[in-house]
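In what follows, a single structure is set out as structure tokens and then discussed.
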Amino acid sequence: MKKVIVVGGGASGLAAAIAAAENGASVCVLERLQRVGKKLLLTGNGKCNLSNITCSGDRYHGSVRYAHILRDFDAERYFRDMGVLLRTDAEGRQYPMSMTATSVLDALRIKAETLNVRVFCEVRVTGISRMGTRWCVHAEESEFHADAVIFAAGGSAAPNLGTDGNLLPVLEHLGHRIIRPRPAICAVESDAERLRPLKGIRVRAEVSAVRGGNILKTERGEVQFNENALSGICIMNLGRLASLYGRRLTLRLNLLPEIPPETLPEVLDMLLAQRGLLPASELLTGLLPKRIGERIVKEAFGHLTTPAAELIPDPDAVGRLCTALTEWEFPVLGTAGFDKAQVTAGGIAGESVSDTLESKVTPGIYFCGELLDLDGDCGGYNLAWAWASGICAGHAAAT
Ligand SMILES: Cc1cc2nc3c(=O)[nH]c(=O)nc-3n(C[C@H](O)[C@H](O)[C@H](O)COP(=O)(O)OP(=O)(O)OC[C@H]3O[C@@H](n4cnc5c(N)ncnc54)[C@H](O)[C@@H]3O)c2cc1C
């Protein structure tokens, strides 16, 4: 019977362990924390957004080939086989019907136990070496031997949950190429002086990541204004670009994405007719949250107290107002660090792994999950990858 060691008892590690055991291997999981699946319990605000019905290509980023692996994965069937039924929301996000992450972790644990997967917690793996045709996995106080080893140690995001990229130097030393880890799915920092007065406000907007005048990606959704950062799902989906390009990137907000640009002057004319004699600060009241409306007027006109009708005759004023409403720009100053990021971009490069996620440099070693250079958008895509890649690596390692 082939012996397989899985390093890391998170989402992908548990999926890999189960798949390897189902394919006849004797499996043990080594987890540095006191329990497996700690991060899983916090996913989706404790509800565990475990996959998405549209796991399509444009939702994933990185150098690892993934389409063939995700194509074979069916979250409904996978979890149904463990007694977990799913529900899908309007955006295609899949959750356990119980809406609790605990039920997902419990089901994985029960399945692993049934298959005699042995779990060793508080075992931090520090290295790996060859022993003839087998592998010796070194932990802080012990050693484990196996025919195949699956590294499922996660990325560098959320180090308080055991994932800090600690094994990347070990794997690099073995000859794997590492793409520098960067925070992804994270808030984006910008000018605190402009943001602070808007703290706590949420607006629906279309947000574009712009570099050198070119739009790299556009997302729609709720934007949250924080002390020194913009947040919300649509912003967090642009976080990986902000980590990559840093200050060369600008976030451009269209605050009225539902209004076609050509009809915007008409809307402004209507507001002017209604409120033109009031202080300009009132012009956008009702259209946008009050503090946002005031800020836009201030940026377009430079005045808040003068009646808008007195400012509009300036030939450029309406244009400036339209631009401020639809192309409101925030320079990127950085991103929330790994402490606050949900996911890591970067990791083991695609060129170092085969289509079954086996190392091309050291056959017999496999990888899965966030440790690999593949990250998905917010919406269940990262857990979908964790399960699918875990199953792929577990199956290949056992056979
Ligand atoms: C707060 C939060 C919410 C999230 N919500 C969602 C969501 O709703 N939907 C979604 O799709 N994604 C979500 N994610 C992302 C998702 O959780 C991860 O992409 C996924 O868990 C990655 O699985 P993994 O197995 O690669 O790594 P992890 O689940 O992070 O597991 C890695 C495990 O390896 C262990 N480990 C690390 N180093 C060692 C070592 N040297 N020795 C032994 N063990 C080690 C760690 O302790 C950890 O338990 C969220 C992330 C966070 C932080």
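Within each chain, counting starts at residue 1; across the structure tokens, chains are named A, B, ... in the order shown, with ligands numbered 1 upward in that order.
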Hey, could you make a per-residue contact list for chain A against ligand 1 with 6 Å as the cut-off, showing the nearest pair of atoms and its distance in Å to one decimal, counting only C-alpha atoms and all ligand atoms, sorted by chain and number, as a Markdown table?
| residue | atom | partner | partner_atom_place_in_ligand_line | distance |
| --- | --- | --- | --- | --- |
| A:Val7 | CA | ligand 1 | 43 (C) | 5.3 |
| A:Gly8 | CA | ligand 1 | 34 (O) | 3.3 |
| A:Gly9 | CA | ligand 1 | 49 (O) | 4.8 |
| A:Gly10 | CA | ligand 1 | 31 (O) | 3.2 |
| A:Ala11 | CA | ligand 1 | 25 (O) | 4.0 |
| A:Ser12 | CA | ligand 1 | 25 (O) | 3.6 |
| A:Gly13 | CA | ligand 1 | 25 (O) | 5.1 |
| A:Leu30 | CA | ligand 1 | 43 (C) | 5.3 |
| A:Glu31 | CA | ligand 1 | 44 (N) | 3.8 |
| A:Arg32 | CA | ligand 1 | 43 (C) | 3.9 |
| A:Leu33 | CA | ligand 1 | 47 (O) | 5.2 |
| A:Val36 | CA | ligand 1 | 49 (O) | 5.7 |
| A:Gly37 | CA | ligand 1 | 49 (O) | 5.7 |
| A:Lys39 | CA | ligand 1 | 29 (O) | 5.5 |
| A:Leu40 | CA | ligand 1 | 17 (O) | 5.6 |
| A:Leu42 | CA | ligand 1 | 1 (C) | 5.3 |
| A:Thr43 | CA | ligand 1 | 5 (N) | 3.3 |
| A:Gly44 | CA | ligand 1 | 8 (O) | 3.2 |
| A:Cys48 | CA | ligand 1 | 8 (O) | 4.8 |
| A:Asn49 | CA | ligand 1 | 8 (O) | 3.9 |
| A:Leu50 | CA | ligand 1 | 9 (N) | 5.3 |
| A:Ser51 | CA | ligand 1 | 11 (O) | 5.9 |
| A:Val123 | CA | ligand 1 | 43 (C) | 5.8 |
| A:Arg124 | CA | ligand 1 | 42 (N) | 3.7 |
| A:Val125 | CA | ligand 1 | 42 (N) | 3.9 |
| A:Thr126 | CA | ligand 1 | 41 (N) | 5.7 |
| A:Ala152 | CA | ligand 1 | 25 (O) | 5.3 |
| A:Ala153 | CA | ligand 1 | 34 (O) | 3.5 |
| A:Gly154 | CA | ligand 1 | 27 (O) | 3.5 |
| A:Ala158 | CA | ligand 1 | 53 (C) | 5.1 |
| A:Leu161 | CA | ligand 1 | 47 (O) | 6.0 |
| A:Gly162 | CA | ligand 1 | 47 (O) | 3.5 |
| A:Thr163 | CA | ligand 1 | 37 (C) | 4.8 |
| A:Leu167 | CA | ligand 1 | 41 (N) | 5.8 |
| A:Gln342 | CA | ligand 1 | 53 (C) | 3.9 |
| A:Val343 | CA | ligand 1 | 15 (C) | 5.4 |
| A:Gly369 | CA | ligand 1 | 26 (O) | 3.4 |
| A:Glu370 | CA | ligand 1 | 26 (O) | 3.8 |
| A:Leu371 | CA | ligand 1 | 26 (O) | 5.7 |
| A:Gly379 | CA | ligand 1 | 9 (N) | 5.8 |
| A:Gly380 | CA | ligand 1 | 11 (O) | 3.2 |
| A:Tyr381 | CA | ligand 1 | 11 (O) | 4.6 |
| A:Asn382 | CA | ligand 1 | 11 (O) | 3.7 |
| A:Leu383 | CA | ligand 1 | 11 (O) | 3.6 |
| A:Ala386 | CA | ligand 1 | 23 (O) | 4.9 |
**Message:** I'd like the neighbourhood of region 362-366 of chain A as a list in words, where a residue qualifies if any of its atoms comes within 9 Å (using only C-alpha atoms), though same-chain residues fewer than 2 positions away should be ignored.
**Reply:** Thr133, Arg134, Trp135, Asp147, Ala148, Val149, Ile150, Phe151, Ala152, Leu174, Gly175, His176, Val353, Thr356, Leu357, Glu358, Ser359, Lys360, Cys368, Ala393, Gly394, Ala396 and Ala397 of chain A
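Nearest to Glu206 (chain A) of all the residues A:Arg194, A:Arg247, A:Arg77, A:Arg252 is A:Arg252, based on only C-alpha atoms.
Using only C-alpha atoms, the shortest contact distance between Leu256 (chain A) and any of A:Leu284, A:Ala184, A:Ala398, A:Leu41 is found at A:Leu284.
Using only C-alpha atoms for every distance, the candidate list A:Ile348, A:Ala309, A:Ile391, A:Val188 yields A:Ile348 as the residue closest to Gly155 (chain A).
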Using only C-alpha atoms, the shortest atom-to-atom distance to Glu299 (chain A) among A:Leu321, A:Ile185, A:Leu115, A:Ala384 belongs to A:Leu321
A:Thr88, A:Ser281, A:Ser129, A:Asn52 ranked by distance to Asp74 (chain A), top pick (using only C-alpha atoms):
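Once distances to Asp74 (chain A) are computed over only C-alpha atoms, the minimum belongs to A:Asn52.
As for CA of Ala300 (chain A) and CA of Ile233 (chain A), they are spaced 27.6 Å apart.
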| message | So that I can check the secondary structure, give me every residue of region 92-317 of chain A assigned alpha helix (DSSP H) by backbone DSSP, as a ChimeraX atom specification. | response | /A:101-114,168-173,192-195,233-236,239-245,264-275,290-301,308-311,317
List the spatial neighbours of Met270 (chain A) as a list in words - criterion: any atom at most 12 Å away, only C-alpha atoms, same-chain residues fewer than 4 positions off excluded. Thr263, Leu264, Pro265, Glu266, Gln274, Arg275, Gly276, Leu283, Leu284, Leu287 and Ala309 of chain A
